[in-house]
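One file, structure02.txt, is given below (compact mmCIF, C-alpha atoms).
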# COMPACT_ATOMS: atom_id res chain seq x y z
CA MET A 1 -32.97 -52.45 -30.62
CA ALA A 2 -36.04 -54.72 -30.41
CA GLU A 3 -35.48 -58.28 -29.27
CA VAL A 4 -35.79 -61.05 -31.86
CA VAL A 5 -36.62 -64.52 -30.52
CA ARG A 6 -37.22 -68.03 -31.77
CA ASN A 7 -40.93 -68.75 -32.21
CA LYS A 8 -41.86 -72.37 -31.59
CA GLN A 9 -44.77 -73.44 -33.86
CA VAL A 10 -46.94 -76.48 -34.62
CA ILE A 11 -47.08 -76.78 -38.42
CA PHE A 12 -49.80 -78.64 -40.30
CA LYS A 13 -48.10 -80.97 -42.80
CA ASP A 14 -50.75 -81.82 -45.38
CA TYR A 15 -54.40 -82.76 -45.86
CA ILE A 16 -55.39 -86.13 -44.43
CA ASN A 17 -58.00 -88.85 -44.72
CA GLY A 18 -59.28 -90.91 -41.82
CA PHE A 19 -57.98 -90.75 -38.27
CA PRO A 20 -55.48 -87.94 -37.54
CA LYS A 21 -51.99 -88.72 -36.19
CA THR A 22 -49.45 -86.65 -34.31
CA SER A 23 -47.16 -87.07 -37.34
CA ASP A 24 -49.64 -84.95 -39.33
CA MET A 25 -48.22 -82.01 -37.36
CA VAL A 26 -44.62 -80.90 -36.94
CA LEU A 27 -43.11 -78.96 -34.05
CA THR A 28 -40.52 -76.48 -35.27
CA SER A 29 -38.39 -73.69 -33.82
CA ASP A 30 -37.15 -72.44 -37.20
CA ALA A 31 -39.20 -69.23 -37.22
CA THR A 32 -38.13 -66.00 -35.53
CA ILE A 33 -40.22 -63.00 -34.52
CA CYS A 34 -39.44 -59.44 -33.46
CA LEU A 35 -41.04 -58.54 -30.10
CA GLU A 36 -41.81 -55.02 -31.27
CA LEU A 37 -44.01 -53.95 -34.19
CA PRO A 38 -42.60 -51.89 -37.07
CA LYS A 39 -43.49 -48.21 -36.66
CA ASN A 40 -45.24 -48.01 -40.03
CA GLU A 41 -47.48 -51.08 -39.66
CA GLY A 42 -51.04 -50.20 -38.66
CA GLY A 43 -53.96 -52.30 -37.41
CA VAL A 44 -51.79 -55.16 -36.16
CA ILE A 45 -51.23 -56.71 -32.75
CA LEU A 46 -48.35 -58.82 -31.44
CA THR A 47 -49.36 -61.45 -28.87
CA LYS A 48 -47.75 -63.86 -26.49
CA ASN A 49 -49.97 -66.93 -26.56
CA LEU A 50 -50.90 -68.41 -23.20
CA TYR A 51 -53.49 -71.18 -23.64
CA LEU A 52 -54.65 -73.20 -26.62
CA SER A 53 -57.96 -75.00 -27.00
CA CYS A 54 -58.24 -78.48 -28.50
CA ASP A 55 -61.69 -78.83 -30.07
CA PRO A 56 -63.28 -81.73 -31.99
CA TYR A 57 -64.19 -79.60 -35.04
CA MET A 58 -60.47 -79.13 -35.76
CA ARG A 59 -60.33 -82.55 -37.41
CA THR A 60 -62.56 -81.21 -40.19
CA CYS A 61 -59.96 -78.48 -40.85
CA MET A 62 -57.32 -81.13 -41.58
CA GLN A 63 -58.78 -82.23 -44.89
CA ARG A 64 -59.31 -80.44 -48.17
CA PRO A 65 -61.80 -77.56 -47.95
CA ILE A 66 -65.43 -78.67 -47.74
CA ASP A 67 -68.02 -76.63 -49.65
CA GLY A 68 -70.32 -74.82 -47.26
CA TRP A 69 -68.26 -75.63 -44.15
CA PHE A 70 -68.35 -73.10 -41.31
CA ILE A 71 -64.60 -72.64 -40.83
CA ASP A 72 -61.58 -72.61 -43.14
CA ALA A 73 -59.35 -75.63 -43.62
CA PHE A 74 -55.80 -75.46 -42.29
CA THR A 75 -53.10 -74.45 -44.77
CA PRO A 76 -50.40 -77.10 -45.33
CA GLY A 77 -47.02 -75.74 -44.28
CA SER A 78 -48.56 -73.17 -41.93
CA PRO A 79 -49.37 -73.27 -38.20
CA ILE A 80 -52.49 -74.99 -36.89
CA ILE A 81 -55.19 -72.44 -36.03
CA GLY A 82 -57.55 -72.77 -33.09
CA HIS A 83 -59.13 -70.91 -30.21
CA GLY A 84 -56.87 -69.63 -27.50
CA VAL A 85 -55.99 -66.99 -24.95
CA ALA A 86 -53.20 -64.47 -25.50
CA LYS A 87 -51.61 -61.34 -24.04
CA VAL A 88 -50.95 -58.30 -26.23
CA LEU A 89 -47.25 -57.39 -26.24
CA ASP A 90 -47.50 -54.55 -28.77
CA SER A 91 -50.30 -53.00 -30.81
CA SER A 92 -50.87 -50.55 -33.64
CA HIS A 93 -54.59 -51.35 -33.60
CA PRO A 94 -56.90 -48.72 -32.07
CA ASP A 95 -58.98 -51.33 -30.22
CA PHE A 96 -56.11 -53.09 -28.47
CA LYS A 97 -53.25 -51.91 -26.27
CA LYS A 98 -50.18 -53.48 -24.69
CA GLY A 99 -51.17 -55.62 -21.72
CA ASP A 100 -54.66 -56.48 -22.97
CA LEU A 101 -55.77 -60.09 -22.60
CA VAL A 102 -57.78 -61.55 -25.50
CA TRP A 103 -59.41 -64.77 -26.61
CA GLY A 104 -60.30 -65.93 -30.10
CA LEU A 105 -58.66 -67.65 -33.08
CA ILE A 106 -54.86 -67.75 -32.85
CA ASN A 107 -52.03 -69.76 -34.37
CA TRP A 108 -50.48 -72.68 -32.54
CA GLU A 109 -47.21 -70.88 -31.76
CA GLU A 110 -45.57 -69.03 -28.89
CA TYR A 111 -45.98 -65.56 -30.41
CA SER A 112 -48.35 -64.31 -33.11
CA LEU A 113 -48.54 -61.30 -35.38
CA ILE A 114 -52.30 -60.86 -35.88
CA LYS A 115 -53.59 -58.70 -38.72
CA ASP A 116 -57.18 -59.95 -38.75
CA THR A 117 -58.48 -59.25 -35.25
CA SER A 118 -62.15 -59.84 -36.07
CA SER A 119 -62.35 -63.05 -34.02
CA LEU A 120 -60.68 -61.59 -30.92
CA MET A 121 -62.55 -60.52 -27.80
CA LYS A 122 -61.00 -58.58 -24.94
CA ILE A 123 -61.02 -60.31 -21.57
CA GLN A 124 -62.55 -57.99 -18.98
CA HIS A 125 -63.01 -60.45 -16.11
CA THR A 126 -59.77 -61.82 -14.67
CA ASP A 127 -61.14 -63.07 -11.34
CA VAL A 128 -61.52 -66.53 -12.91
CA PRO A 129 -58.80 -68.75 -14.44
CA LEU A 130 -57.70 -67.34 -17.81
CA SER A 131 -57.87 -70.86 -19.24
CA TYR A 132 -61.66 -70.67 -18.80
CA TYR A 133 -61.72 -68.49 -21.92
CA THR A 134 -60.81 -71.58 -23.96
CA GLY A 135 -63.85 -73.32 -22.50
CA ILE A 136 -66.70 -72.26 -20.25
CA LEU A 137 -66.17 -68.52 -20.93
CA GLY A 138 -65.17 -68.97 -24.56
CA MET A 139 -66.45 -70.69 -27.68
CA PRO A 140 -67.57 -73.96 -25.99
CA GLY A 141 -69.40 -72.08 -23.23
CA MET A 142 -71.25 -69.93 -25.74
CA THR A 143 -72.07 -73.07 -27.73
CA ALA A 144 -73.68 -74.67 -24.68
CA TYR A 145 -75.61 -71.48 -23.85
CA VAL A 146 -76.95 -70.93 -27.36
CA GLY A 147 -77.63 -74.60 -27.98
CA PHE A 148 -79.62 -75.04 -24.79
CA TYR A 149 -81.62 -71.83 -24.56
CA ASP A 150 -82.04 -70.88 -28.23
CA ILE A 151 -82.07 -74.20 -30.08
CA CYS A 152 -83.51 -76.61 -27.50
CA SER A 153 -86.28 -74.23 -26.29
CA PRO A 154 -86.49 -76.07 -22.94
CA LYS A 155 -89.44 -76.30 -20.60
CA LYS A 156 -89.17 -77.03 -16.91
CA GLY A 157 -89.65 -80.72 -16.14
CA GLU A 158 -88.65 -81.99 -19.59
CA THR A 159 -86.30 -84.92 -20.12
CA MET A 160 -82.95 -84.22 -21.75
CA PHE A 161 -80.17 -86.44 -23.08
CA VAL A 162 -76.64 -85.15 -23.69
CA SER A 163 -74.03 -87.21 -25.58
CA ALA A 164 -70.29 -86.68 -25.05
CA ALA A 165 -71.55 -85.16 -21.84
CA SER A 166 -68.24 -84.76 -20.02
CA GLY A 167 -66.65 -82.74 -22.82
CA ALA A 168 -66.15 -79.00 -23.12
CA VAL A 169 -69.74 -78.31 -24.19
CA GLY A 170 -71.65 -81.26 -22.73
CA GLN A 171 -70.65 -80.72 -19.10
CA LEU A 172 -72.03 -77.17 -19.18
CA VAL A 173 -75.19 -78.03 -21.13
CA GLY A 174 -76.12 -80.63 -18.54
CA GLN A 175 -75.62 -78.24 -15.64
CA LEU A 176 -77.64 -75.48 -17.32
CA ALA A 177 -80.44 -77.98 -17.93
CA LYS A 178 -80.43 -79.08 -14.28
CA LEU A 179 -80.58 -75.47 -13.07
CA TYR A 180 -83.50 -74.94 -15.45
CA GLY A 181 -85.41 -77.87 -13.93
CA CYS A 182 -84.91 -80.64 -16.48
CA TYR A 183 -84.26 -84.34 -15.88
CA VAL A 184 -80.81 -84.89 -17.42
CA VAL A 185 -78.98 -88.04 -18.50
CA GLY A 186 -75.54 -88.03 -20.11
CA SER A 187 -73.41 -90.56 -21.95
CA ALA A 188 -69.63 -90.78 -21.87
CA GLY A 189 -66.92 -93.29 -22.69
CA SER A 190 -65.44 -94.36 -19.34
CA LYS A 191 -66.40 -95.09 -15.74
CA GLU A 192 -64.36 -92.07 -14.61
CA LYS A 193 -66.38 -89.78 -16.87
CA VAL A 194 -69.69 -91.31 -15.83
CA ASP A 195 -68.80 -90.75 -12.17
CA LEU A 196 -67.88 -87.16 -13.00
CA LEU A 197 -71.26 -86.56 -14.62
CA LYS A 198 -73.23 -87.87 -11.66
CA ASN A 199 -71.07 -86.76 -8.73
CA LYS A 200 -69.57 -83.45 -9.87
CA PHE A 201 -71.87 -82.06 -12.57
CA GLY A 202 -75.12 -83.22 -10.95
CA PHE A 203 -76.62 -85.21 -13.85
CA ASP A 204 -79.55 -87.35 -12.73
CA GLU A 205 -78.10 -90.39 -14.48
CA ALA A 206 -75.23 -91.27 -16.80
CA PHE A 207 -73.98 -94.34 -18.65
CA ASN A 208 -70.91 -95.60 -20.48
CA TYR A 209 -72.01 -96.09 -24.08
CA LYS A 210 -69.08 -98.46 -24.69
CA GLU A 211 -70.64 -100.95 -22.26
CA GLU A 212 -74.05 -100.91 -23.95
CA LYS A 213 -74.59 -103.55 -26.62
CA ASP A 214 -77.94 -102.00 -27.61
CA LEU A 215 -78.16 -98.20 -27.40
CA ASP A 216 -81.90 -98.22 -28.05
CA SER A 217 -82.45 -100.46 -25.02
CA ALA A 218 -80.13 -98.32 -22.91
CA LEU A 219 -82.08 -95.17 -23.74
CA LYS A 220 -85.40 -96.89 -22.99
CA ARG A 221 -83.97 -97.86 -19.60
CA TYR A 222 -83.05 -94.28 -18.70
CA PHE A 223 -85.99 -92.63 -20.47
CA PRO A 224 -89.00 -94.95 -20.03
CA ASN A 225 -91.28 -92.04 -20.98
CA GLY A 226 -89.14 -90.84 -23.89
CA ILE A 227 -86.75 -87.96 -24.59
CA ASP A 228 -87.95 -84.38 -25.00
CA ILE A 229 -84.57 -82.80 -25.82
CA TYR A 230 -81.41 -84.31 -27.29
CA PHE A 231 -78.19 -82.29 -27.34
CA ASP A 232 -76.19 -84.14 -29.97
CA ASN A 233 -72.40 -83.98 -29.87
CA VAL A 234 -71.65 -87.32 -31.56
CA GLY A 235 -74.08 -88.22 -34.37
CA GLY A 236 -73.81 -91.73 -35.82
CA LYS A 237 -75.30 -94.72 -34.02
CA MET A 238 -76.24 -92.70 -30.95
CA LEU A 239 -78.34 -90.30 -33.03
CA ASP A 240 -80.03 -93.27 -34.71
CA ALA A 241 -80.98 -94.73 -31.33
CA VAL A 242 -82.20 -91.39 -29.98
CA LEU A 243 -84.52 -90.90 -32.95
CA LEU A 244 -86.41 -94.03 -31.89
CA ASN A 245 -86.90 -92.63 -28.38
CA MET A 246 -87.85 -89.01 -29.01
CA ASN A 247 -91.19 -87.75 -27.76
CA ARG A 248 -93.65 -85.89 -29.96
CA HIS A 249 -92.62 -82.28 -30.56
CA GLY A 250 -89.15 -83.01 -29.19
CA ARG A 251 -86.11 -80.96 -30.15
CA ILE A 252 -82.66 -82.07 -31.27
CA ALA A 253 -79.79 -79.57 -31.19
CA ALA A 254 -77.20 -80.79 -33.71
CA CYS A 255 -74.10 -79.28 -32.12
CA GLY A 256 -71.41 -81.69 -33.31
CA MET A 257 -70.86 -85.19 -34.68
CA VAL A 258 -67.47 -86.26 -33.35
CA SER A 259 -68.13 -89.90 -34.32
CA GLN A 260 -68.13 -88.78 -37.96
CA TYR A 261 -65.21 -86.35 -38.08
CA THR A 262 -62.71 -89.10 -38.91
CA LYS A 263 -65.11 -90.64 -41.47
CA LEU A 264 -65.95 -87.66 -43.65
CA ASP A 265 -64.82 -89.48 -46.79
CA GLU A 266 -67.18 -92.39 -46.01
CA PRO A 267 -69.75 -91.09 -43.51
CA GLU A 268 -72.07 -93.49 -41.69
CA SER A 269 -75.70 -93.52 -42.71
CA THR A 270 -78.41 -92.36 -40.33
CA HIS A 271 -81.27 -94.83 -40.72
CA ASN A 272 -84.04 -93.48 -38.50
CA LEU A 273 -84.48 -89.91 -39.73
CA ILE A 274 -87.97 -90.84 -40.86
CA MET A 275 -88.98 -90.76 -37.18
CA LEU A 276 -88.72 -86.96 -37.29
CA ILE A 277 -92.01 -86.96 -39.19
CA PRO A 278 -94.47 -88.97 -37.06
CA LYS A 279 -92.92 -87.63 -33.85
CA ARG A 280 -93.01 -84.01 -35.14
CA VAL A 281 -89.43 -83.55 -33.96
CA LYS A 282 -87.51 -80.38 -34.76
CA MET A 283 -83.81 -81.03 -35.48
CA GLU A 284 -81.63 -77.97 -35.99
CA GLY A 285 -77.94 -77.53 -36.64
CA PHE A 286 -76.22 -74.39 -35.44
CA VAL A 287 -72.83 -72.65 -35.46
CA VAL A 288 -71.92 -70.57 -32.43
CA PHE A 289 -70.22 -67.85 -34.49
CA ASP A 290 -73.68 -66.67 -35.56
CA TYR A 291 -74.52 -65.84 -31.95
CA TYR A 292 -71.44 -63.99 -30.68
CA HIS A 293 -73.51 -60.80 -30.44
CA SER A 294 -75.06 -62.44 -27.35
CA TYR A 295 -71.69 -62.86 -25.61
CA PRO A 296 -72.17 -60.00 -23.09
CA LYS A 297 -75.57 -61.43 -22.12
CA PHE A 298 -73.97 -64.86 -21.71
CA LEU A 299 -71.28 -63.48 -19.38
CA GLU A 300 -73.92 -61.74 -17.26
CA MET A 301 -75.60 -65.09 -16.73
CA ILE A 302 -72.63 -67.45 -16.35
CA LEU A 303 -70.14 -65.47 -14.23
CA PRO A 304 -72.39 -65.26 -11.13
CA LEU A 305 -73.13 -68.99 -11.43
CA ILE A 306 -69.38 -69.71 -11.41
CA HIS A 307 -68.69 -67.39 -8.47
CA GLU A 308 -71.60 -68.83 -6.47
CA GLY A 309 -70.43 -72.40 -7.12
CA LYS A 310 -73.65 -73.31 -8.94
CA ILE A 311 -71.68 -74.24 -12.05
CA THR A 312 -68.44 -76.20 -12.02
CA TYR A 313 -66.04 -76.84 -14.88
CA VAL A 314 -63.36 -79.50 -15.35
CA GLU A 315 -60.29 -78.97 -17.52
CA ASP A 316 -57.72 -81.49 -18.72
CA THR A 317 -54.54 -79.43 -19.06
CA VAL A 318 -51.23 -80.42 -20.66
CA GLU A 319 -48.15 -78.25 -20.39
CA GLY A 320 -46.09 -77.11 -23.36
CA LEU A 321 -46.69 -76.45 -27.05
CA GLU A 322 -44.75 -79.61 -27.85
CA ASN A 323 -47.57 -81.66 -26.30
CA ALA A 324 -50.37 -79.95 -28.24
CA PRO A 325 -50.52 -82.46 -31.14
CA THR A 326 -50.88 -85.43 -28.76
CA ALA A 327 -53.57 -83.60 -26.79
CA LEU A 328 -55.56 -82.85 -29.94
CA ILE A 329 -55.35 -86.40 -31.28
CA GLY A 330 -56.45 -87.74 -27.89
CA LEU A 331 -59.83 -86.04 -28.29
CA TYR A 332 -60.83 -88.49 -31.01
CA SER A 333 -60.14 -91.48 -28.74
CA GLY A 334 -61.82 -89.88 -25.73
CA LEU A 335 -58.58 -89.68 -23.73
CA ASN A 336 -59.40 -86.25 -22.32
CA VAL A 337 -61.42 -85.87 -19.12
CA GLY A 338 -63.12 -82.49 -19.39
CA LYS A 339 -62.10 -79.55 -21.53
CA GLN A 340 -58.74 -80.19 -23.26
CA VAL A 341 -56.39 -77.24 -22.76
CA VAL A 342 -52.73 -76.71 -23.69
CA ALA A 343 -50.84 -74.28 -21.44
CA ILE A 344 -47.99 -72.56 -23.30
CA ALA A 345 -47.19 -69.76 -20.85
CA ARG A 346 -48.66 -67.93 -17.89
CA ALA A 347 -49.69 -64.26 -18.01
Show me this structure written as structure tokens.
Amino acid sequence: MAEVVRNKQVIFKDYINGFPKTSDMVLTSDATICLELPKNEGGVILTKNLYLSCDPYMRTCMQRPIDGWFIDAFTPGSPIIGHGVAKVLDSSHPDFKKGDLVWGLINWEEYSLIKDTSSLMKIQHTDVPLSYYTGILGMPGMTAYVGFYDICSPKKGETMFVSAASGAVGQLVGQLAKLYGCYVVGSAGSKEKVDLLKNKFGFDEAFNYKEEKDLDSALKRYFPNGIDIYFDNVGGKMLDAVLLNMNRHGRIAACGMVSQYTKLDEPESTHNLIMLIPKRVKMEGFVVFDYYHSYPKFLEMILPLIHEGKITYVEDTVEGLENAPTALIGLYSGLNVGKQVVAIARA
């Protein structure tokens, strides 16, 4: 007879306004799950979840559905959903078999019964840490790759600014830009992160935005000849200051706006958008899901760089599903150093 076990889950309580709290999520062990699929159920996989990804966009899933948004809101009373890495325990799906490792959208729980496998990708390369598929080899890595090469259209020798530069996406964008031959400056929110940018990721310069009373003056100090490319992860006041310092025909990749995710009910105004016109700046938003067809090409490029030590990646890992809510909330205060990962189990 198939084993039935308790299935620890993180449940989303209800839609929120403002800053998220750990109390907006509930850890429960009430659910049970059978570790073998019913014989008559087709196209389903049963997974043991190994790693969960905490990503800034998840705050936008915690409020009522937004028209035109790129990902569904969480369902009150159901588990949080995010990117993660899992091992297939049983499968009635023709594309997956027992023992396969996958990454994609999974529930925040120990075990999952997955009927919609459209977001899942099989992991073929296991000579790197599996947790990398929540970051550099997963959604954030693809975001950095697409944002830099496709949206920023870089040229060797150009100047580039990256905000939230020590995060899951920013740390890789900066390194790709350096390898390409750009002059790269990053901003972050602590001395530790600034040191990381300069000493581990190889940024030319970096600064702590919290110590700058005037962001416009700070950018003029680091970019006396202006900014050619801005990879925007924060929006808000930083974007306003950057717009004053962009060069003609510059490019802005609007990847994320973490400064605004807790203010969606009363978003901050951006005052300097008019500068897009005289400076002939191209500003483009993008969603990585539109580019997943390029994932094999991305792996061909990034895996050798990792193996050769030309790219490095820093993770901030917490152990245990019970610590996932605190890890997620910490993103919005900048408590993480590097890619925030939750380890539930090992393969």
Counting all atoms listed in the file, I want the residues whose atoms come within 12 Å of (-81.7, -73.7, -26.5) in the file frame, returned as a VMD selection string. chain A and resid 142 to 155 160 173 to 174 176 to 177 180 229 to 231 251 to 255 283 to 286 288 291
Between A:Thr326, A:Thr262, A:Ser92, A:Ser131, which is the closest to Pro38 in chain A once you count all atoms listed in the file?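 Checking each candidate against Pro38 in chain A, we get A:Ser92 as the closest.
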With a cut-off of 10 Å, could you pull out the residues of range 195-259 of chain A touching range 265-273 of chain A and give me the nearest pair of atoms for each, distance in Å to one decimal, using all atoms listed in the file, ordered by chain and ascending number, as a tab-separated table?
residue	atom	partner	partner_atom	distance
A:Gly235	CA	A:Thr270	CA	8.5
A:Gly236	CA	A:Glu268	CA	6.4
A:Lys237	CA	A:Thr270	CA	7.4
A:Met238	CA	A:Thr270	CA	9.6
A:Leu239	CA	A:Thr270	CA	7.6
A:Asp240	CA	A:Asn272	CA	5.5
A:Ala241	CA	A:Asn272	CA	7.9
A:Val242	CA	A:Asn272	CA	9.0
A:Leu243	CA	A:Asn272	CA	6.1
A:Leu244	CA	A:Asn272	CA	7.0
A:Ser259	CA	A:Glu268	CA	9.1
Using all atoms listed in the file, which residues sit within 10 Å of range 330-341 of chain A once same-chain residues fewer than 4 positions away are excluded, as JSON, numbers by chain? {"A": [19, 20, 21, 22, 51, 52, 53, 54, 55, 56, 59, 84, 131, 132, 134, 135, 136, 140, 164, 165, 166, 167, 168, 169, 170, 171, 188, 189, 190, 192, 193, 196, 258, 259, 261, 262, 313, 314, 315, 316, 317, 318, 319, 324, 325, 326]}
Would you work out the distance separating CA of Tyr292 in chain A from CA of Glu110 in chain A, expressed in Å to one decimal?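 Computing it gives 26.4 Å between the two atoms.
Counting from CA of Gly256 in chain A, the distance to CA of Asp232 in chain A is 6.3 Å.
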A:Met257, A:Ile81, A:Leu37, A:Met301 ranked by distance to Ile11 in chain A, top pick (using only C-alpha atoms):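 With only C-alpha atoms as the atom set, the closest residue is A:Ile81.
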